[in-house]
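**Q** Below you'll find the structure I mean.
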Amino acid sequence: MSRRWAKRAELAASMLPHGLSIADIGCGAMDLERLAKPREYRPIDRWRWDERTRLIDLEAERLPAEWLAGCDVACLLGVFEYIANPGRILEALADAGCAVLFTYHPTDLTVADDTRSPIWKSNFSTSYLEAMLGKAGFQIAKKLSYETTQHVYLCHLTGRPPTWIVRPKPYDSVAPREKPTLVLAGFYGRGNCGDEALLQCACEAMQDDFDILISVDEHGAYPGYWDWYPYNKFDRTHQTNLGFFRRTEKYAGLLVGGGGLPYGFAANQAVHARSYQAATALAGVDFVSTNMDPRMRAAPQQTAHARALRQYADLFDFRALRTLDAVHSAKELGLDYFHGADWALRLPMDRDPSIEQDDRRVLIVLREWSLRSVSQEYVEEILLLISTLEERGWRPHFLPFAPEDERFIEQLGMQDRLPVVRTWWNARRAKQWIASSGLTLSVTRLHPLIFAAPTGARIASLVPRRIQPSNAPILGLESDGSKLANVCRELGIRQFYSTEEMLAGLDSIGPADPEKVALSTARLDAMIERLRRLFRESAASRAGVSTD
């Protein structure tokens with residue numbers, strides 16, 4: 001009955017369309033009935049949770065065929081761990097002809113601090129479990145991860161997928177493209193508002209010249225991301241898929257872009273693109289500061305770390321960083337970069353009529369942290385911020401910028417302290433909230449600053465010094481060379497290092513400097529034009545056509 005399992009049920013329900021007939025085996029709190037919205041719900045368990053519950057001991061009895069007759073899907077969430085022989089249940093489900101949605105905690109996902117329960121009766125690896133599925137006659141349609149320790153499977157009878165299971169077309173089956181194909185790679189599909197904004201802006205900047213193919217790490221993506229814009233408009237591929245590089249002569253190249261990507265990101269695709277003589281670009285990203293990283297402080301060009309960075313940078317024909325400090329840091333390592341800007345400066349704003357202008361509303365964006373790195377003083381500082389704002393007549397709201405931010409608010413026990421604006425998957429809507437509020441305070445999140453800058457909305461960055469020292473120096477949050485400090489400097493946004501300091505200067509907080517925003521936007525436009533030309537030339541060269 002734990003809330004943790006309600007979250008797991010929410011993930012499972014996202015894999016099903018509404019209106020199915022569901023047999024919920026091991027139904028427990030019956031969250032699936034609420035979340036999956038079935039036309040018929042059949043709860044089955046060892047305990048009678050309500051008068052509808054059909055009772056059975058799965059270890060001792062076979063599922064009656066009449067209980068499954070006419071069911072579209074049988075769901076078993078957190079059940080197979082308690083069954084010594086799940087294969088017998090799978091065979092009964094196969095005989096009934098229904099699909100199966102289930103979870104399992106395999107031995108290969110068990111980590112040191114997550115020991116297996118002593119009351120579990122099965123201990124299978126992923127490969128053994130999937131072989132059991134095949135033996136019972138099932139084929140995997142979708143496979144997701146929950147909390148990195150469990151798999152969530154949706155399966156159907158081999159070769160007989162029901163019409164309600166939508167299988168995305170493989171890239172091979174997509175109709176021939178009229179324009180050259182450009183692959184966009186980044187931290188996409190995860191629901192991080194900033195990264196989703198970067199992708200939208202990159203797609204819209206390039207879609208007139210190229211057919212867009214979005215490269216997504218599907219193992220880390222948020223369930224249901226494929227229904228969000230722009231994933232529902234453009235084709236997608238998994239980040240380990242390299243086959244499309246050789247499938248079309250009209251392939252223009254690879255654009256790796258957006259935010260704080262780690263060096264080495266998408267290197268597999270960059271190497272493969274280069275091997276097919278297609279253009280590659282790294283644009284709108286950060287670069288590690290020699291002031292932040294102790295590995296860089298002495299003779300930075302000679303360190304092994306610097307040599308590795310140069311090898312990665314050499315994979316790209318064009319490289320653009322979003323701040324001048326990042327460009328200078330790269331030069332210290334012997335690397336030449338174009339001074340660009342953040343893609344999200346060009347993000348359009350939503351026009352939802354339900355969001356009203358409120359000059360006394362203040363949005364607080366809390367970046368998520370591991371609870372091990374957050375001190376009690378940090379929590380008290382955030383509570384002080386909230387209470388003081390309320391005392392001064394403001395109406396504070398939380399605006400999480402990622403699903404992790406929303407979870408962090410819950411972990412701190414603050415979800416009921418303020419209204420929570422849930423729109424992290426819709427970057428344009430988040431920008432509208434910022435533009436229509438009297439003030440936005442971003443606590444160590446970068447992209448609320450970027451969103452606010454072109455709108456003229458009042459904005460400030462807060463980096464509390466009471467984040468545990470074990471984390472803050474690694475990220476350089478308090479350093480003048482941090483990405484937050486660099487972006488604030490380039491956009492003319494005020495930055496504070498304590499709540500007391502911010503509250504003392506609250507009335508003086510204004511919008512970003514419009515002249516600096518205009519300069520950054522002009523650099524972004526120049527970066528985009530350089531990218532368009534690079535990929536047009538690459539596509540023409542691969543097609544044997546002169547760009548003249």
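Chain labels follow the order of the structure tokens: the first chain is A, the next B, and so on; residue numbering restarts at 1 in every chain, and ligands are counted from 1 in their shown order.
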Neighbours of stretch 18-25 of chain A within 6 Å (only C-alpha atoms; same-chain residues fewer than 4 positions away dropped), as a PyMOL selection string?
**A** chain A and resi 36-45+71-76
**Q** May I have the selected residues written with N, CA, C and O atoms, as a tab-separated table (two decimals), in the first residue's frame?
**A**
chain	number	residue	atom	x	y	z
A	36	ALA	N	-5.38	3.58	-14.91
A	36	ALA	CA	-5.51	3.06	-16.28
A	36	ALA	C	-6.90	3.27	-16.86
A	36	ALA	O	-7.10	3.11	-18.07
A	37	LYS	N	-7.87	3.62	-16.03
A	37	LYS	CA	-9.24	3.91	-16.47
A	37	LYS	C	-9.79	2.80	-17.38
A	37	LYS	O	-10.15	3.04	-18.54
A	38	PRO	N	-9.86	1.55	-16.87
A	38	PRO	CA	-10.35	0.45	-17.70
A	38	PRO	C	-11.87	0.49	-17.87
A	38	PRO	O	-12.58	1.08	-17.05
A	39	ARG	N	-12.36	-0.15	-18.92
A	39	ARG	CA	-13.81	-0.28	-19.06
A	39	ARG	C	-14.31	-1.39	-18.15
A	39	ARG	O	-15.48	-1.42	-17.74
A	40	GLU	N	-13.41	-2.34	-17.81
A	40	GLU	CA	-13.75	-3.43	-16.90
A	40	GLU	C	-12.52	-3.72	-16.04
A	40	GLU	O	-11.40	-3.80	-16.55
A	41	TYR	N	-12.73	-3.86	-14.74
A	41	TYR	CA	-11.61	-4.07	-13.82
A	41	TYR	C	-11.89	-5.31	-12.97
A	41	TYR	O	-12.94	-5.40	-12.31
A	42	ARG	N	-10.95	-6.28	-13.00
A	42	ARG	CA	-11.12	-7.53	-12.26
A	42	ARG	C	-9.98	-7.65	-11.25
A	42	ARG	O	-8.88	-8.09	-11.60
A	43	PRO	N	-10.19	-7.29	-9.99
A	43	PRO	CA	-9.13	-7.41	-8.98
A	43	PRO	C	-8.98	-8.84	-8.49
A	43	PRO	O	-9.96	-9.52	-8.19
A	44	ILE	N	-7.73	-9.30	-8.43
A	44	ILE	CA	-7.42	-10.67	-8.01
A	44	ILE	C	-6.28	-10.59	-6.99
A	44	ILE	O	-5.29	-9.90	-7.22
A	45	ASP	N	-6.43	-11.28	-5.86
A	45	ASP	CA	-5.38	-11.21	-4.83
A	45	ASP	C	-5.55	-12.35	-3.85
A	45	ASP	O	-6.52	-13.10	-3.90
A	71	CYS	N	-10.32	-10.79	-21.21
A	71	CYS	CA	-9.44	-9.72	-20.71
A	71	CYS	C	-8.47	-9.30	-21.81
A	71	CYS	O	-7.94	-10.13	-22.54
A	72	ASP	N	-8.24	-8.01	-21.89
A	72	ASP	CA	-7.23	-7.51	-22.83
A	72	ASP	C	-5.83	-7.69	-22.27
A	72	ASP	O	-4.89	-8.01	-23.01
A	73	VAL	N	-5.67	-7.47	-20.97
A	73	VAL	CA	-4.33	-7.51	-20.39
A	73	VAL	C	-4.43	-7.93	-18.92
A	73	VAL	O	-5.35	-7.53	-18.20
A	74	ALA	N	-3.49	-8.78	-18.51
A	74	ALA	CA	-3.34	-9.14	-17.10
A	74	ALA	C	-2.14	-8.39	-16.54
A	74	ALA	O	-1.06	-8.39	-17.14
A	75	CYS	N	-2.32	-7.74	-15.40
A	75	CYS	CA	-1.27	-6.93	-14.79
A	75	CYS	C	-0.80	-7.58	-13.50
A	75	CYS	O	-1.62	-7.97	-12.66
A	76	LEU	N	0.51	-7.70	-13.34
A	76	LEU	CA	1.09	-8.29	-12.12
A	76	LEU	C	2.25	-7.39	-11.69
A	76	LEU	O	3.38	-7.52	-12.18
**Q** So that each row is one residue of stretch 1-64 of chain A with an atom at most 12 Å from stretch 136-143 of chain A, can you give its shortest atom pair and the distance in Å to one decimal, using only C-alpha atoms, rows by chain and rising number, as a Markdown table?
**A**
| residue | atom | partner | partner_atom | distance |
| --- | --- | --- | --- | --- |
| A:Leu11 | CA | A:Lys143 | CA | 11.2 |
| A:Ala12 | CA | A:Lys143 | CA | 10.2 |
| A:Ser14 | CA | A:Lys142 | CA | 11.4 |
| A:Met15 | CA | A:Lys142 | CA | 8.1 |
| A:Leu16 | CA | A:Lys142 | CA | 10.7 |
**Q** In Å, rounded to a single decimal, give me how far atom CA of A:Leu261 is from atom CA of A:Arg422.
**A**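 That distance, rounded to one decimal, is 24.9 Å.
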**Q** What's the 7 Å shell around A:Pro511, counting only C-alpha atoms, without same-chain residues fewer than 2 positions away, as a list of chain:residue names?
**A**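 Using only C-alpha atoms, the neighbours found are A:Ala453, A:Gly456, A:Ala457, A:Arg458, A:Ile459, A:Ile493, A:Asp513.
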**Q** Using only C-alpha atoms, which protein or nucleic acid residues come within 10 Å of A:Leu321? Drop anything in the same chain fewer than 5 positions from it, and give the result as a PDB file with N, CA and C atoms, in the first residue's frame.
**A**
ATOM      1  N   GLY A 257      23.784  18.979 -28.950  1.00  0.00           N
ATOM      2  CA  GLY A 257      23.601  20.328 -28.434  1.00  0.00           C
ATOM      3  C   GLY A 257      22.814  20.417 -27.171  1.00  0.00           C
ATOM      4  N   GLY A 258      23.095  21.508 -26.458  1.00  0.00           N
ATOM      5  CA  GLY A 258      22.238  21.882 -25.357  1.00  0.00           C
ATOM      6  C   GLY A 258      22.825  21.717 -23.987  1.00  0.00           C
ATOM      7  N   GLY A 259      23.046  22.830 -23.320  1.00  0.00           N
ATOM      8  CA  GLY A 259      23.263  22.842 -21.888  1.00  0.00           C
ATOM      9  C   GLY A 259      24.525  22.165 -21.415  1.00  0.00           C
ATOM     10  N   LEU A 282      28.926  20.525 -32.242  1.00  0.00           N
ATOM     11  CA  LEU A 282      28.633  20.582 -30.817  1.00  0.00           C
ATOM     12  C   LEU A 282      28.294  22.029 -30.521  1.00  0.00           C
ATOM     13  N   ALA A 283      27.051  22.324 -30.129  1.00  0.00           N
ATOM     14  CA  ALA A 283      26.638  23.731 -30.106  1.00  0.00           C
ATOM     15  C   ALA A 283      25.753  24.056 -28.918  1.00  0.00           C
ATOM     16  N   GLY A 284      26.025  25.247 -28.324  1.00  0.00           N
ATOM     17  CA  GLY A 284      25.203  25.740 -27.233  1.00  0.00           C
ATOM     18  C   GLY A 284      25.436  25.032 -25.927  1.00  0.00           C
ATOM     19  N   VAL A 285      26.677  24.572 -25.685  1.00  0.00           N
ATOM     20  CA  VAL A 285      26.982  23.789 -24.493  1.00  0.00           C
ATOM     21  C   VAL A 285      27.934  24.560 -23.581  1.00  0.00           C
ATOM     22  N   ASP A 286      28.258  23.950 -22.435  1.00  0.00           N
ATOM     23  CA  ASP A 286      29.221  24.507 -21.497  1.00  0.00           C
ATOM     24  C   ASP A 286      30.589  23.887 -21.744  1.00  0.00           C
ATOM     25  N   PHE A 287      31.550  24.403 -21.003  1.00  0.00           N
ATOM     26  CA  PHE A 287      32.877  23.807 -21.020  1.00  0.00           C
ATOM     27  C   PHE A 287      33.427  23.873 -19.617  1.00  0.00           C
ATOM     28  N   ALA A 326      33.479  30.272 -20.856  1.00  0.00           N
ATOM     29  CA  ALA A 326      33.695  28.913 -21.331  1.00  0.00           C
ATOM     30  C   ALA A 326      34.646  28.894 -22.521  1.00  0.00           C
ATOM     31  N   VAL A 327      34.523  29.883 -23.402  1.00  0.00           N
ATOM     32  CA  VAL A 327      35.432  29.985 -24.556  1.00  0.00           C
ATOM     33  C   VAL A 327      36.866  30.190 -24.071  1.00  0.00           C
ATOM     34  N   ALA A 330      38.302  27.006 -22.669  1.00  0.00           N
ATOM     35  CA  ALA A 330      38.677  26.090 -23.751  1.00  0.00           C
ATOM     36  C   ALA A 330      40.011  26.497 -24.369  1.00  0.00           C
ATOM     37  N   TYR A 337      36.869  27.669 -29.941  1.00  0.00           N
ATOM     38  CA  TYR A 337      35.420  27.536 -29.970  1.00  0.00           C
ATOM     39  C   TYR A 337      34.780  28.849 -30.398  1.00  0.00           C
ATOM     40  N   PHE A 338      33.626  28.735 -31.052  1.00  0.00           N
ATOM     41  CA  PHE A 338      32.796  29.887 -31.407  1.00  0.00           C
ATOM     42  C   PHE A 338      32.009  30.308 -30.162  1.00  0.00           C
ATOM     43  N   HIS A 339      31.889  31.604 -29.934  1.00  0.00           N
ATOM     44  CA  HIS A 339      31.106  32.107 -28.798  1.00  0.00           C
ATOM     45  C   HIS A 339      29.658  32.232 -29.240  1.00  0.00           C
ATOM     46  N   GLY A 340      28.844  31.263 -28.851  1.00  0.00           N
ATOM     47  CA  GLY A 340      27.432  31.271 -29.223  1.00  0.00           C
ATOM     48  C   GLY A 340      26.564  31.695 -28.061  1.00  0.00           C
ATOM     49  N   ALA A 341      25.471  30.987 -27.846  1.00  0.00           N
ATOM     50  CA  ALA A 341      24.551  31.306 -26.755  1.00  0.00           C
ATOM     51  C   ALA A 341      23.650  30.102 -26.528  1.00  0.00           C
ATOM     52  N   ASP A 342      22.784  30.209 -25.527  1.00  0.00           N
ATOM     53  CA  ASP A 342      21.876  29.118 -25.193  1.00  0.00           C
ATOM     54  C   ASP A 342      20.709  29.085 -26.179  1.00  0.00           C
ATOM     55  N   MET A 527      25.258  31.631 -34.584  1.00  0.00           N
ATOM     56  CA  MET A 527      25.583  30.212 -34.400  1.00  0.00           C
ATOM     57  C   MET A 527      24.668  29.343 -35.253  1.00  0.00           C
TER      58      MET A 527
END
**Q** Give me the residues within 9 Å of A:Asp359 as a ChimeraX atom specification, counting only C-alpha atoms and dropping any in the same chain fewer than 2 places off.
**A** /A:357,361-362,394,436-439
**Q** Rounded to one decimal in Å, what is the spacing between atom CA of A:Phe451 and atom CA of A:Trp343?
**A** 10.4 Å
**Q** Using backbone DSSP assignments, extract all alpha helix (DSSP H) residues from stretch 236-466 of chain A; output them as a PyMOL selection string.
**A** chain A and resi 267-275+304-313+324-332+376-391+403-411+427-435+447-452
**Q** Within 10 Å of A:Leu345, counting only C-alpha atoms, which residues show up once you throw out same-chain ones fewer than 6 positions away? Write them as a ChimeraX atom specification, please.
**A** /A:197-198,201,447,449-455,517-518,520-521,524-525
**Q** Listing only residues of stretch 256-289 of chain A within 12 Å of stretch 533-545 of chain A, what is the closest atom pair and its distance in Å (to one decimal) for each, using only C-alpha atoms, sorted by chain and residue number ascending, as CSV?
**A**
residue,atom,partner,partner_atom,distance
A:Ala273,CA,A:Ser538,CA,11.0
A:Arg274,CA,A:Ser538,CA,11.0
A:Tyr276,CA,A:Arg542,CA,8.9
A:Gln277,CA,A:Arg542,CA,7.6
A:Ala278,CA,A:Ser538,CA,5.9
A:Ala279,CA,A:Ser538,CA,5.6
A:Thr280,CA,A:Phe535,CA,8.2
A:Ala281,CA,A:Leu534,CA,8.6
A:Leu282,CA,A:Leu534,CA,11.9
**Q** Calculated over only C-alpha atoms, which of the candidates A:Asp208, A:Arg360, A:His328, A:Gly189 has the smallest distance to A:Gly393?
**A**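 Using only C-alpha atoms, A:Gly393 sits closest to A:Arg360.
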